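Student: You'll find query30.txt just under this line, and it carries compact mmCIF, C-alpha atoms.
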# COMPACT_ATOMS: atom_id res chain seq x y z
CA MET O 1 -1.54 -12.92 4.17
CA ILE O 2 0.14 -14.08 7.39
CA HIS O 3 -2.40 -15.59 9.73
CA ASP O 4 -2.39 -15.24 13.50
CA SER O 5 -1.83 -18.96 13.89
CA ASP O 6 1.42 -18.73 11.94
CA LEU O 7 2.61 -15.78 14.01
CA GLN O 8 1.73 -17.56 17.23
CA ARG O 9 3.75 -20.58 16.17
CA ASN O 10 6.74 -18.34 15.52
CA ILE O 11 6.28 -16.59 18.87
CA ARG O 12 6.21 -19.95 20.64
CA GLU O 13 9.55 -20.81 19.05
CA VAL O 14 11.12 -17.50 20.05
CA LEU O 15 9.91 -17.77 23.64
CA LEU O 16 11.19 -21.30 24.04
CA ARG O 17 14.52 -20.66 22.34
CA ASP O 18 15.43 -17.29 23.85
CA LEU O 19 13.59 -17.13 27.17
CA LYS O 20 13.07 -20.82 27.94
CA LYS O 21 9.35 -20.16 28.32
CA THR O 22 6.44 -22.21 27.03
CA ALA O 23 3.49 -20.24 25.71
CA ARG O 24 0.17 -21.37 27.19
CA ALA O 25 -2.38 -18.86 25.84
CA PHE O 26 -2.50 -15.98 23.37
CA GLN O 27 -4.69 -12.89 23.38
CA LYS O 28 -4.52 -10.53 20.44
CA LEU O 29 -4.21 -6.93 21.57
CA LYS O 30 -4.82 -3.72 19.70
CA GLY O 31 -1.61 -3.05 17.81
CA GLY O 32 -0.41 -0.19 15.66
CA ARG O 33 -0.75 0.38 11.94
CA ASN O 34 2.34 -1.71 11.21
CA SER O 35 2.21 -4.63 13.62
CA ARG O 36 0.26 -7.27 15.49
CA VAL O 37 0.62 -7.52 19.26
CA PHE O 38 -0.24 -10.46 21.52
CA ARG O 39 -0.43 -10.96 25.24
CA VAL O 40 1.18 -14.33 25.93
CA ASP O 41 0.56 -16.22 29.15
CA CYS O 42 3.32 -18.72 29.85
CA ASP O 43 3.33 -22.00 31.77
CA ASP O 44 5.55 -20.55 34.50
CA GLY O 45 2.88 -17.95 35.34
CA SER O 46 4.66 -15.05 33.65
CA VAL O 47 3.08 -12.79 31.04
CA VAL O 48 4.88 -11.13 28.12
CA ALA O 49 3.93 -9.05 25.11
CA ALA O 50 4.98 -10.27 21.65
CA LYS O 51 4.99 -7.97 18.65
CA ALA O 52 5.21 -9.01 15.01
CA TYR O 53 6.35 -6.28 12.61
CA PHE O 54 5.27 -5.69 9.04
CA GLN O 55 7.91 -6.02 6.30
CA SER O 56 7.66 -5.48 2.57
CA ALA O 57 9.92 -5.05 -0.43
CA GLN O 58 8.57 -1.50 -0.86
CA ASP O 59 9.25 -0.44 2.74
CA GLN O 60 12.59 -1.60 4.12
CA ARG O 61 12.56 0.47 7.33
CA ASP O 62 13.73 -1.59 10.29
CA ARG O 63 10.88 -0.73 12.66
CA MET O 64 11.70 -3.55 15.03
CA GLY O 65 15.38 -2.72 15.24
CA CYS O 66 14.62 0.95 15.80
CA GLU O 67 12.10 0.27 18.54
CA VAL O 68 14.20 -2.28 20.42
CA ARG O 69 17.30 -0.10 20.31
CA ALA O 70 15.36 2.97 21.45
CA LEU O 71 13.73 1.19 24.38
CA ARG O 72 16.97 -0.42 25.52
CA PHE O 73 18.68 2.97 25.39
CA LEU O 74 15.93 4.75 27.31
CA ARG O 75 15.86 2.04 29.97
CA SER O 76 19.64 2.41 30.31
CA GLU O 77 19.02 6.12 30.88
CA GLY O 78 16.78 5.30 33.81
CA ARG O 79 13.44 5.88 32.10
CA ARG O 80 10.78 3.52 33.40
CA GLU O 81 7.88 4.95 31.39
CA VAL O 82 8.71 2.55 28.55
CA PRO O 83 8.62 -1.27 28.34
CA MET O 84 11.77 -3.40 28.52
CA PRO O 85 12.66 -5.56 25.49
CA LEU O 86 13.23 -9.20 26.48
CA ALA O 87 14.02 -11.00 23.22
CA VAL O 88 14.45 -10.25 19.53
CA ALA O 89 14.11 -12.62 16.57
CA GLU O 90 15.29 -10.75 13.51
CA ALA O 91 14.53 -13.52 11.02
CA GLN O 92 10.88 -13.70 12.11
CA HIS O 93 10.52 -9.92 12.71
CA ILE O 94 9.29 -10.61 16.23
CA ALA O 95 10.23 -8.91 19.49
CA VAL O 96 9.17 -9.86 23.00
CA TYR O 97 8.65 -7.21 25.68
CA GLU O 98 7.72 -7.09 29.31
CA PHE O 99 3.95 -7.00 29.59
CA VAL O 100 2.58 -3.64 30.74
CA ALA O 101 -0.58 -4.00 32.79
CA GLY O 102 -2.66 -0.93 32.13
CA GLU O 103 -5.67 0.58 30.45
CA PRO O 104 -5.82 2.67 27.27
CA LEU O 105 -6.59 6.33 27.82
CA ARG O 106 -9.86 7.71 26.51
CA ALA O 107 -10.28 11.39 25.78
CA GLY O 108 -12.73 12.02 28.61
CA GLU O 109 -10.38 10.36 31.11
CA ILE O 110 -7.37 12.56 30.39
CA GLY O 111 -6.67 15.29 32.89
CA GLU O 112 -3.92 17.55 34.15
CA ALA O 113 -1.96 14.69 35.74
CA GLU O 114 -1.73 12.81 32.44
CA MET O 115 -0.82 15.97 30.55
CA ASP O 116 1.95 16.75 33.03
CA GLN O 117 3.37 13.22 32.68
CA ALA O 118 3.48 13.61 28.90
CA VAL O 119 5.35 16.91 29.21
CA ALA O 120 7.75 15.42 31.79
CA PHE O 121 8.61 12.52 29.48
CA LEU O 122 9.27 14.79 26.50
CA GLN O 123 11.37 17.05 28.71
CA ALA O 124 13.38 14.00 29.79
CA LEU O 125 13.99 13.12 26.14
CA LYS O 126 15.28 16.64 25.49
CA THR O 127 17.58 16.38 28.52
CA ILE O 128 18.96 13.09 27.22
CA ALA O 129 19.37 14.63 23.76
CA ASP O 130 21.37 17.50 25.24
CA SER O 131 23.60 15.10 27.17
CA GLY O 132 25.48 13.97 24.08
CA ARG O 133 24.88 10.29 24.84
CA ALA O 134 22.50 9.77 21.92
CA GLY O 135 24.61 11.22 19.14
CA ASP O 136 24.72 8.00 17.13
CA PHE O 137 20.93 7.69 16.84
CA PRO O 138 19.61 8.47 13.36
CA ALA O 139 16.94 11.00 12.49
CA ALA O 140 13.39 9.99 13.31
CA SER O 141 11.29 8.74 10.42
CA GLU O 142 10.69 11.57 7.93
CA ALA O 143 12.30 14.13 10.24
CA CYS O 144 12.54 17.58 8.65
CA PHE O 145 14.99 20.04 10.18
CA SER O 146 14.06 23.04 8.05
CA ILE O 147 10.73 24.49 7.00
CA GLY O 148 11.78 24.09 3.40
CA ALA O 149 12.19 20.36 4.02
CA ILE O 150 8.65 20.19 5.44
CA LEU O 151 7.29 21.86 2.31
CA ARG O 152 9.20 19.45 0.07
CA ASN O 153 7.90 16.50 2.07
CA LEU O 154 4.35 17.74 1.52
CA ASP O 155 5.01 18.15 -2.20
CA GLU O 156 6.12 14.53 -2.49
CA ARG O 157 3.28 13.14 -0.40
CA PHE O 158 0.60 14.92 -2.39
CA ARG O 159 2.32 14.07 -5.67
CA ARG O 160 1.88 10.38 -4.81
CA LEU O 161 -1.73 10.96 -3.81
CA ASP O 162 -2.40 12.82 -7.07
CA GLU O 163 -1.15 9.75 -8.93
CA ALA O 164 -3.31 7.48 -6.76
CA SER O 165 -6.41 9.63 -7.40
CA ALA O 166 -6.73 8.41 -10.99
CA GLY O 167 -9.97 6.45 -10.98
CA GLN O 168 -10.77 7.71 -7.46
CA PRO O 169 -13.14 10.66 -8.11
CA ALA O 170 -13.87 11.41 -4.44
CA LEU O 171 -10.17 11.60 -3.63
CA ALA O 172 -9.43 13.66 -6.76
CA ASP O 173 -12.18 16.14 -5.87
CA PHE O 174 -10.92 16.52 -2.28
CA LEU O 175 -7.35 17.10 -3.40
CA ARG O 176 -8.27 19.58 -6.12
CA ASN O 177 -10.92 21.63 -4.34
CA LYS O 178 -9.90 21.46 -0.69
CA ILE O 179 -6.25 20.50 -0.26
CA VAL O 180 -4.71 22.57 -3.08
CA PRO O 181 -6.24 25.91 -1.97
CA PHE O 182 -5.36 25.41 1.70
CA ARG O 183 -1.81 24.31 0.91
CA GLU O 184 -1.17 27.75 -0.54
CA VAL O 185 -2.84 29.45 2.43
CA ALA O 186 -0.79 27.40 4.90
CA ARG O 187 2.45 27.96 2.99
CA GLN O 188 1.93 31.73 2.89
CA HIS O 189 0.95 31.84 6.57
CA CYS O 190 4.12 29.95 7.46
CA LEU O 191 6.40 32.15 5.36
CA ASP O 192 4.78 35.32 6.74
CA LEU O 193 5.52 34.21 10.30
CA CYS O 194 9.05 33.27 9.31
CA ARG O 195 9.62 36.78 8.00
CA GLN O 196 8.09 38.37 11.10
CA HIS O 197 10.30 36.39 13.46
CA ASN O 198 13.47 36.17 11.37
CA ILE O 199 13.29 32.41 10.79
CA ALA O 200 15.17 31.30 7.68
CA PRO O 201 12.96 28.65 6.01
CA ASP O 202 15.81 26.80 4.28
CA VAL O 203 18.26 26.78 7.19
CA GLU O 204 18.29 23.59 9.27
CA ILE O 205 17.98 23.93 13.02
CA PRO O 206 21.26 22.96 14.76
CA LEU O 207 21.66 19.81 16.84
CA SER O 208 21.28 21.83 20.04
CA GLU O 209 17.72 22.74 19.04
CA ARG O 210 16.70 19.20 18.11
CA THR O 211 15.31 16.57 20.44
CA LEU O 212 14.80 12.83 20.64
CA SER O 213 11.28 11.85 19.71
CA PRO O 214 9.15 8.70 19.41
CA SER O 215 7.78 10.43 16.28
CA ASP O 216 4.28 9.12 17.07
CA PHE O 217 3.84 10.40 20.59
CA GLY O 218 0.52 10.84 22.35
CA PHE O 219 -2.05 9.29 24.64
CA HIS O 220 -3.11 6.95 21.82
CA ASN O 221 0.22 5.20 22.48
CA ALA O 222 0.05 5.07 26.26
CA LEU O 223 -1.32 2.87 29.01
CA ARG O 224 -2.27 3.97 32.52
CA GLY O 225 -1.39 1.65 35.37
CA ALA O 226 -3.40 1.14 38.55
CA ASP O 227 -1.20 3.74 40.28
CA GLY O 228 -2.01 6.37 37.64
CA ARG O 229 1.44 6.30 36.05
CA LEU O 230 1.66 6.25 32.27
CA VAL O 231 3.76 3.94 30.14
CA PHE O 232 4.44 5.10 26.59
CA LEU O 233 4.49 2.67 23.67
CA ASP O 234 5.42 2.56 19.98
CA PHE O 235 8.97 3.69 19.29
CA GLU O 236 9.24 2.24 15.78
CA TYR O 237 10.21 5.63 14.33
CA PHE O 238 12.31 6.95 17.23
CA GLY O 239 15.20 9.33 16.57
CA TRP O 240 16.25 12.96 16.29
CA ASP O 241 13.50 15.37 15.31
CA ASP O 242 12.33 18.97 15.35
CA PRO O 243 10.49 19.57 18.66
CA ALA O 244 7.98 21.70 16.72
CA LYS O 245 6.82 18.52 14.98
CA THR O 246 6.53 16.65 18.28
CA ILE O 247 4.29 19.39 19.67
CA ALA O 248 2.16 19.82 16.54
CA ASP O 249 1.67 16.06 16.12
CA PHE O 250 0.56 15.75 19.75
CA PHE O 251 -2.31 18.14 19.01
CA LEU O 252 -3.08 16.85 15.54
CA HIS O 253 -3.21 13.08 15.98
CA PRO O 254 -6.74 11.94 15.03
CA GLY O 255 -7.02 10.14 18.38
CA MET O 256 -6.46 13.39 20.28
CA GLN O 257 -9.71 15.12 21.18
CA LEU O 258 -8.62 17.34 24.05
CA PRO O 259 -10.39 20.33 25.60
CA PRO O 260 -8.78 23.77 25.13
CA ALA O 261 -7.58 24.04 28.73
CA LEU O 262 -5.57 20.82 28.47
CA LYS O 263 -4.14 21.84 25.10
CA GLN O 264 -2.97 25.09 26.61
CA ARG O 265 -1.50 23.26 29.61
CA PHE O 266 0.51 21.01 27.32
CA PHE O 267 1.68 23.92 25.16
CA SER O 268 2.70 26.02 28.16
CA GLY O 269 4.48 23.06 29.71
CA MET O 270 6.41 22.36 26.53
CA MET O 271 7.41 26.00 26.13
CA LYS O 272 8.91 25.84 29.64
CA ALA O 273 10.57 22.50 28.90
CA LEU O 274 12.08 23.93 25.71
CA ALA O 275 12.91 27.36 27.09
CA GLY O 276 16.46 27.01 25.85
CA VAL O 277 15.39 26.57 22.21
CA PRO O 278 15.22 29.95 20.43
CA LYS O 279 11.94 30.98 18.76
CA MET O 280 10.29 27.69 19.67
CA GLN O 281 6.83 29.17 20.05
CA HIS O 282 7.01 30.99 16.72
CA ARG O 283 8.33 27.89 14.94
CA VAL O 284 5.45 25.74 16.21
CA ARG O 285 2.87 28.30 15.14
CA ALA O 286 4.47 28.67 11.72
CA THR O 287 4.48 24.93 11.00
CA TYR O 288 1.26 23.78 12.68
CA ALA O 289 -0.87 24.05 9.51
CA LEU O 290 1.84 22.34 7.46
CA PHE O 291 1.89 19.38 9.82
CA GLY O 292 -1.91 19.37 9.69
CA LEU O 293 -1.70 18.95 5.93
CA LYS O 294 0.81 16.17 6.41
CA TRP O 295 -1.69 14.40 8.66
CA CYS O 296 -4.31 14.71 5.91
CA ALA O 297 -1.87 12.97 3.57
CA ILE O 298 -1.09 10.27 6.16
CA LEU O 299 -4.79 9.56 6.59
CA LEU O 300 -5.07 9.09 2.83
CA ASN O 301 -2.14 6.69 2.62
CA GLU O 302 -4.45 3.71 2.20
CA PHE O 303 -5.28 4.89 -1.31
CA THR O 304 -1.81 3.61 -2.22
CA LEU O 305 -1.26 -0.14 -2.52
CA GLU O 306 1.81 -0.18 -0.27
CA HIS O 307 0.07 1.34 2.71
CA LEU O 308 -3.10 -0.70 2.29
CA ALA O 309 -0.97 -3.86 2.42
CA ARG O 310 0.62 -2.64 5.65
CA ARG O 311 -2.76 -1.92 7.21
CA CYS O 312 -4.06 -5.35 6.18
CA PHE O 313 -1.09 -6.99 7.93
CA ALA O 314 -1.87 -5.15 11.17
CA ASP O 315 -5.59 -5.94 10.91
CA ASP O 316 -6.58 -8.69 8.52
CA ARG O 317 -10.23 -7.60 8.81
CA THR O 318 -9.53 -4.44 6.80
CA LYS O 319 -11.84 -4.05 3.81
CA GLU O 320 -10.36 -1.89 1.05
CA SER O 321 -13.35 0.09 -0.23
CA GLY O 322 -14.94 0.86 3.10
CA HIS O 323 -11.62 1.73 4.66
CA LYS O 324 -10.78 4.22 1.93
CA THR O 325 -14.11 5.97 2.43
CA ALA O 326 -13.55 6.17 6.17
CA GLN O 327 -10.02 7.53 5.74
CA LEU O 328 -11.19 10.19 3.31
CA GLU O 329 -13.78 11.33 5.85
CA LYS O 330 -11.08 11.50 8.54
CA ALA O 331 -8.92 13.61 6.23
CA ARG O 332 -11.86 15.98 5.66
CA HIS O 333 -12.31 16.30 9.42
CA MET O 334 -8.59 16.92 9.91
CA LEU O 335 -8.53 19.65 7.26
CA ASN O 336 -11.56 21.34 8.85
CA GLN O 337 -9.87 21.24 12.24
CA VAL O 338 -6.64 22.78 10.97
CA THR O 339 -8.45 25.37 8.84
CA ASN O 340 -10.44 26.49 11.87
CA ASP O 341 -7.67 26.72 14.45
CA TYR O 342 -4.30 27.42 12.78
CA HIS O 343 -4.61 31.21 13.16
CA ASP O 344 -5.27 30.93 16.91
CA PHE O 345 -3.04 27.96 17.70
CA PRO O 346 -3.02 26.60 20.39
CA GLY O 347 -6.24 28.42 21.28
CA ARG O 348 -7.49 29.79 24.56
CA PRO O 349 -8.13 27.75 27.74
Would you mind writing the file out in structure tokens?
Tutor:
Amino acid sequence: MIHDSDLQRNIREVLLRDLKKTARAFQKLKGGRNSRVFRVDCDDGSVVAAKAYFQSAQDQRDRMGCEVRALRFLRSEGRREVPMPLAVAEAQHIAVYEFVAGEPLRAGEIGEAEMDQAVAFLQALKTIADSGRAGDFPAASEACFSIGAILRNLDERFRRLDEASAGQPALADFLRNKIVPFREVARQHCLDLCRQHNIAPDVEIPLSERTLSPSDFGFHNALRGADGRLVFLDFEYFGWDDPAKTIADFFLHPGMQLPPALKQRFFSGMMKALAGVPKMQHRVRATYALFGLKWCAILLNEFTLEHLARRCFADDRTKESGHKTAQLEKARHMLNQVTNDYHDFPGRP
């Protein structure tokens, strides 16, 4: 276990070496599932944000490199809704960013203005994608460019969870009696819509129909400044993706509890923003339940040792048994949500 004191010592070294700044005080901020984030007040009166990234032998993804490259690129494209990287220490897996002064968004505080800013940012990413200037970016983490690839991804995720369910009777019961039946329902629903709208499940969408995506986009990864403008955070998985996934994930993230009118506003805004993408609306509706199942699997990741270790790095207060129980309850809630609304997605305002 890496303690905060060790990380702070490393951050001090990076600040002094690369930015010629002396750290005066640290405040641990709420980070993501893969990192620890600190506000650092420096002796010269400046404030920065320092982020330490999780690394393991089982997961070699370069989250730091991906995020820093994405943010530098977007800033070079004139986007100011994202923070500027200031320094990178590859050996220590630490990056320093400009500090964004703002407040997290709570569900009851999200309105039309925030929804419109989210749509505008995603539209800007699609415009940049269409410009040809981002051709050398890789696919976003676990991007699937065909419906068949989504189904195969689900097969692999639930295969791993089936293995992890040995000795976990509550998980085994949920998988057997809830997930397995709905997987077949969701698969058939998707294939029926594909047939109705002439979507070939095993044909990848072309580059012109893809977009650039943070891959974990939503108000859970945003701060609102005093002027009402949003800054979007967490680009560890940035890259090319299917815009249907970006839209579905926005609705499905467990931190998103939005009223129907705002959901419809976002959906309508995205359909206008993606008007040049054929069959976009049908593709989102066909895959929504599949992505809902994927979220159930993501919520259950902590039943595997690899993902529990990652969560413990981000929050060393994590307790294994209680956390598993809580995650299983979240997965039940997610499945209920998707079961109830996939036929009428995105619902009525």
Student: Within 7 Å of (10.7, 23.7, 10.1) in the file's own coordinates, which protein, DNA or RNA residues have an atom, counting all atoms listed in the file? List them as a list in words.
Tutor: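 Those within range, by chain then number, are Cys144, Phe145, Ser146, Ile147, Gly148, Ile150, Pro201, Arg283 and Thr287 of chain O.
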Student: Please identify all polymer residues within 12 Å of O:Ala139, counting only C-alpha atoms, omitting same-chain residues fewer than 3 positions from it, and present them as JSON, numbers by chain.
Tutor: {"O": [66, 134, 135, 136, 142, 143, 144, 145, 207, 210, 211, 212, 213, 214, 215, 237, 238, 239, 240, 241, 242]}
Student: Which residues are near stretch 259-262 of chain O? Cut-off 10 Å, all atoms listed in the file, ignore same chain within fewer than 4 positions. Put them as a PyMOL selection string.
Tutor: chain O and resi 107-108+110-112+114-116+266-268+346-349
Student: Go through O:Val14, O:Leu29, O:Ala113, O:Phe54 and flag the residue nearest O:Leu86, using all atoms listed in the file for the distances.
Tutor: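 Of O:Val14, O:Leu29, O:Ala113, O:Phe54, the one nearest O:Leu86, counting all atoms listed in the file, is O:Val14.
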Student: From the options O:His197, O:Val119, O:Lys20, O:Val100, which residue's atoms come nearest to O:Lys272, counting all atoms listed in the file?
Tutor: O:Val119
Student: Find the spatial neighbours of stretch 327-331 of chain O, counting only C-alpha atoms, within a cut-off of 6 Å - ignore same-chain residues fewer than 6 positions away - and output them as a PyMOL selection string.
Tutor: chain O and resi 296+299-300
Student: Smallest atom-to-atom distance to O:Arg106: which of O:Arg80, O:Arg332, O:Lys324, O:Arg224, using all atoms listed in the file?
Tutor: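 Nearest to O:Arg106: O:Arg224.
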Student: May I ask for the distance between atom CA of O:Leu230 and atom CA of O:Gln117, given in Å to one decimal place?
Tutor: 7.2 Å
Student: Could you tell me, as a ChimeraX atom specification, which residues have any atom at most 12 Å from (-8.5, 23.0, 11.0), counting all atoms listed in the file?
Tutor: /O:178-179,182,186,251-252,254,288-293,295-296,331-347
Student: Work out how far apart atom CA of O:Ala52 and atom CA of O:His220 are and give it in Å to one decimal.
Tutor: 19.2 Å
Student: Mind pulling up the distance from atom CA of O:His253 to atom CA of O:Phe219?
Tutor: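 So the answer is 9.5 Å.
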Student: Residues at most 12 Å from O:Phe158, counting only C-alpha atoms, excluding those fewer than 2 positions away in the same chain, as a PyMOL selection string?
Tutor: chain O and resi 151-156+160-165+171-172+174-176+179-180+183+293-301+303-304
Student: Given all atoms listed in the file as the basis, pick out the residue of O:Pro169, O:Val68, O:Asp43, O:Arg36 nearest to O:Arg24.
Tutor: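 Checking each of O:Pro169, O:Val68, O:Asp43, O:Arg36 against O:Arg24, counting all atoms listed in the file, the winner is O:Asp43.
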Student: Select, from O:Gly65, O:Gly225, O:Gly269, O:Pro138, the residue with the minimum atom-to-atom distance to O:Phe99, counting all atoms listed in the file.
Tutor: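 Once distances to O:Phe99 are computed over all atoms listed in the file, the minimum belongs to O:Gly225.
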Student: Choose the residue, out of O:Ser141, O:Ser46, O:Gln281, O:Gln168, that has the smallest atom-to-atom separation from O:Asp216; count all atoms listed in the file.
Tutor: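 Ranked by minimum distance to O:Asp216, first place goes to O:Ser141.
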Student: Got a sec: who's within 7 Å of O:Val48, counting only C-alpha atoms, leaving out chain neighbours fewer than 2 positions off, as a compact mmCIF listing (two decimals) with C-alpha atoms, in the coordinates of the input?
Tutor:
# COMPACT_ATOMS: atom_id res chain seq x y z
CA ARG O 39 -0.43 -10.96 25.24
CA VAL O 40 1.18 -14.33 25.93
CA ASP O 41 0.56 -16.22 29.15
CA SER O 46 4.66 -15.05 33.65
CA ALA O 50 4.98 -10.27 21.65
CA VAL O 96 9.17 -9.86 23.00
CA TYR O 97 8.65 -7.21 25.68
CA GLU O 98 7.72 -7.09 29.31
CA PHE O 99 3.95 -7.00 29.59
Student: Please fill the gaps in stretch 205-213 of chain O so it has all heavy atoms, and write that as a PDB file, in the coordinates of the input.
Tutor:
ATOM      1  N   ILE O 205      17.724  23.630  11.623  1.00  0.00           N
ATOM      2  CA  ILE O 205      17.980  23.930  13.020  1.00  0.00           C
ATOM      3  C   ILE O 205      19.196  23.117  13.472  1.00  0.00           C
ATOM      4  O   ILE O 205      19.378  21.967  13.054  1.00  0.00           O
ATOM      5  CB  ILE O 205      16.765  23.617  13.917  1.00  0.00           C
ATOM      6  CG1 ILE O 205      16.324  22.160  13.763  1.00  0.00           C
ATOM      7  CG2 ILE O 205      15.614  24.556  13.609  1.00  0.00           C
ATOM      8  CD1 ILE O 205      15.226  21.745  14.729  1.00  0.00           C
ATOM      9  N   PRO O 206      20.060  23.678  14.318  1.00  0.00           N
ATOM     10  CA  PRO O 206      21.260  22.960  14.760  1.00  0.00           C
ATOM     11  C   PRO O 206      20.908  21.827  15.717  1.00  0.00           C
ATOM     12  O   PRO O 206      19.788  21.748  16.232  1.00  0.00           O
ATOM     13  CB  PRO O 206      22.077  24.046  15.466  1.00  0.00           C
ATOM     14  CG  PRO O 206      21.062  25.031  15.933  1.00  0.00           C
ATOM     15  CD  PRO O 206      19.980  25.034  14.894  1.00  0.00           C
ATOM     16  N   LEU O 207      21.884  20.957  15.968  1.00  0.00           N
ATOM     17  CA  LEU O 207      21.660  19.810  16.840  1.00  0.00           C
ATOM     18  C   LEU O 207      21.178  20.246  18.222  1.00  0.00           C
ATOM     19  O   LEU O 207      20.342  19.569  18.833  1.00  0.00           O
ATOM     20  CB  LEU O 207      22.954  18.999  16.974  1.00  0.00           C
ATOM     21  CG  LEU O 207      22.864  17.685  17.752  1.00  0.00           C
ATOM     22  CD1 LEU O 207      21.923  16.710  17.059  1.00  0.00           C
ATOM     23  CD2 LEU O 207      24.247  17.053  17.907  1.00  0.00           C
ATOM     24  N   SER O 208      21.658  21.370  18.708  1.00  0.00           N
ATOM     25  CA  SER O 208      21.280  21.830  20.040  1.00  0.00           C
ATOM     26  C   SER O 208      19.806  22.163  20.155  1.00  0.00           C
ATOM     27  O   SER O 208      19.262  22.208  21.259  1.00  0.00           O
ATOM     28  CB  SER O 208      22.116  23.062  20.418  1.00  0.00           C
ATOM     29  OG  SER O 208      21.867  24.131  19.507  1.00  0.00           O
ATOM     30  N   GLU O 209      19.144  22.406  19.023  1.00  0.00           N
ATOM     31  CA  GLU O 209      17.720  22.740  19.040  1.00  0.00           C
ATOM     32  C   GLU O 209      16.841  21.553  18.673  1.00  0.00           C
ATOM     33  O   GLU O 209      15.620  21.672  18.632  1.00  0.00           O
ATOM     34  CB  GLU O 209      17.458  23.909  18.077  1.00  0.00           C
ATOM     35  CG  GLU O 209      18.159  25.188  18.503  1.00  0.00           C
ATOM     36  CD  GLU O 209      17.927  26.340  17.542  1.00  0.00           C
ATOM     37  OE1 GLU O 209      16.964  26.272  16.746  1.00  0.00           O
ATOM     38  OE2 GLU O 209      18.709  27.305  17.570  1.00  0.00           O
ATOM     39  N   ARG O 210      17.456  20.410  18.428  1.00  0.00           N
ATOM     40  CA  ARG O 210      16.700  19.200  18.110  1.00  0.00           C
ATOM     41  C   ARG O 210      16.450  18.403  19.395  1.00  0.00           C
ATOM     42  O   ARG O 210      17.023  18.678  20.431  1.00  0.00           O
ATOM     43  CB  ARG O 210      17.457  18.344  17.091  1.00  0.00           C
ATOM     44  CG  ARG O 210      17.764  19.098  15.817  1.00  0.00           C
ATOM     45  CD  ARG O 210      18.583  18.279  14.830  1.00  0.00           C
ATOM     46  NE  ARG O 210      19.071  19.112  13.726  1.00  0.00           N
ATOM     47  CZ  ARG O 210      19.750  18.678  12.689  1.00  0.00           C
ATOM     48  NH1 ARG O 210      20.043  17.379  12.594  1.00  0.00           N
ATOM     49  NH2 ARG O 210      20.148  19.506  11.739  1.00  0.00           N
ATOM     50  N   THR O 211      15.593  17.415  19.286  1.00  0.00           N
ATOM     51  CA  THR O 211      15.310  16.570  20.440  1.00  0.00           C
ATOM     52  C   THR O 211      15.197  15.124  19.980  1.00  0.00           C
ATOM     53  O   THR O 211      15.189  14.830  18.780  1.00  0.00           O
ATOM     54  CB  THR O 211      14.006  17.007  21.127  1.00  0.00           C
ATOM     55  OG1 THR O 211      13.878  16.335  22.392  1.00  0.00           O
ATOM     56  CG2 THR O 211      12.779  16.695  20.269  1.00  0.00           C
ATOM     57  N   LEU O 212      15.130  14.224  20.928  1.00  0.00           N
ATOM     58  CA  LEU O 212      14.800  12.830  20.640  1.00  0.00           C
ATOM     59  C   LEU O 212      13.287  12.683  20.709  1.00  0.00           C
ATOM     60  O   LEU O 212      12.646  13.238  21.603  1.00  0.00           O
ATOM     61  CB  LEU O 212      15.470  11.892  21.636  1.00  0.00           C
ATOM     62  CG  LEU O 212      16.998  11.824  21.549  1.00  0.00           C
ATOM     63  CD1 LEU O 212      17.564  11.085  22.759  1.00  0.00           C
ATOM     64  CD2 LEU O 212      17.437  11.146  20.253  1.00  0.00           C
ATOM     65  N   SER O 213      12.734  11.927  19.790  1.00  0.00           N
ATOM     66  CA  SER O 213      11.280  11.850  19.710  1.00  0.00           C
ATOM     67  C   SER O 213      10.833  10.447  19.301  1.00  0.00           C
ATOM     68  O   SER O 213      11.449   9.832  18.435  1.00  0.00           O
ATOM     69  CB  SER O 213      10.753  12.851  18.693  1.00  0.00           C
ATOM     70  OG  SER O 213       9.365  12.673  18.456  1.00  0.00           O
TER      71      SER O 213
END
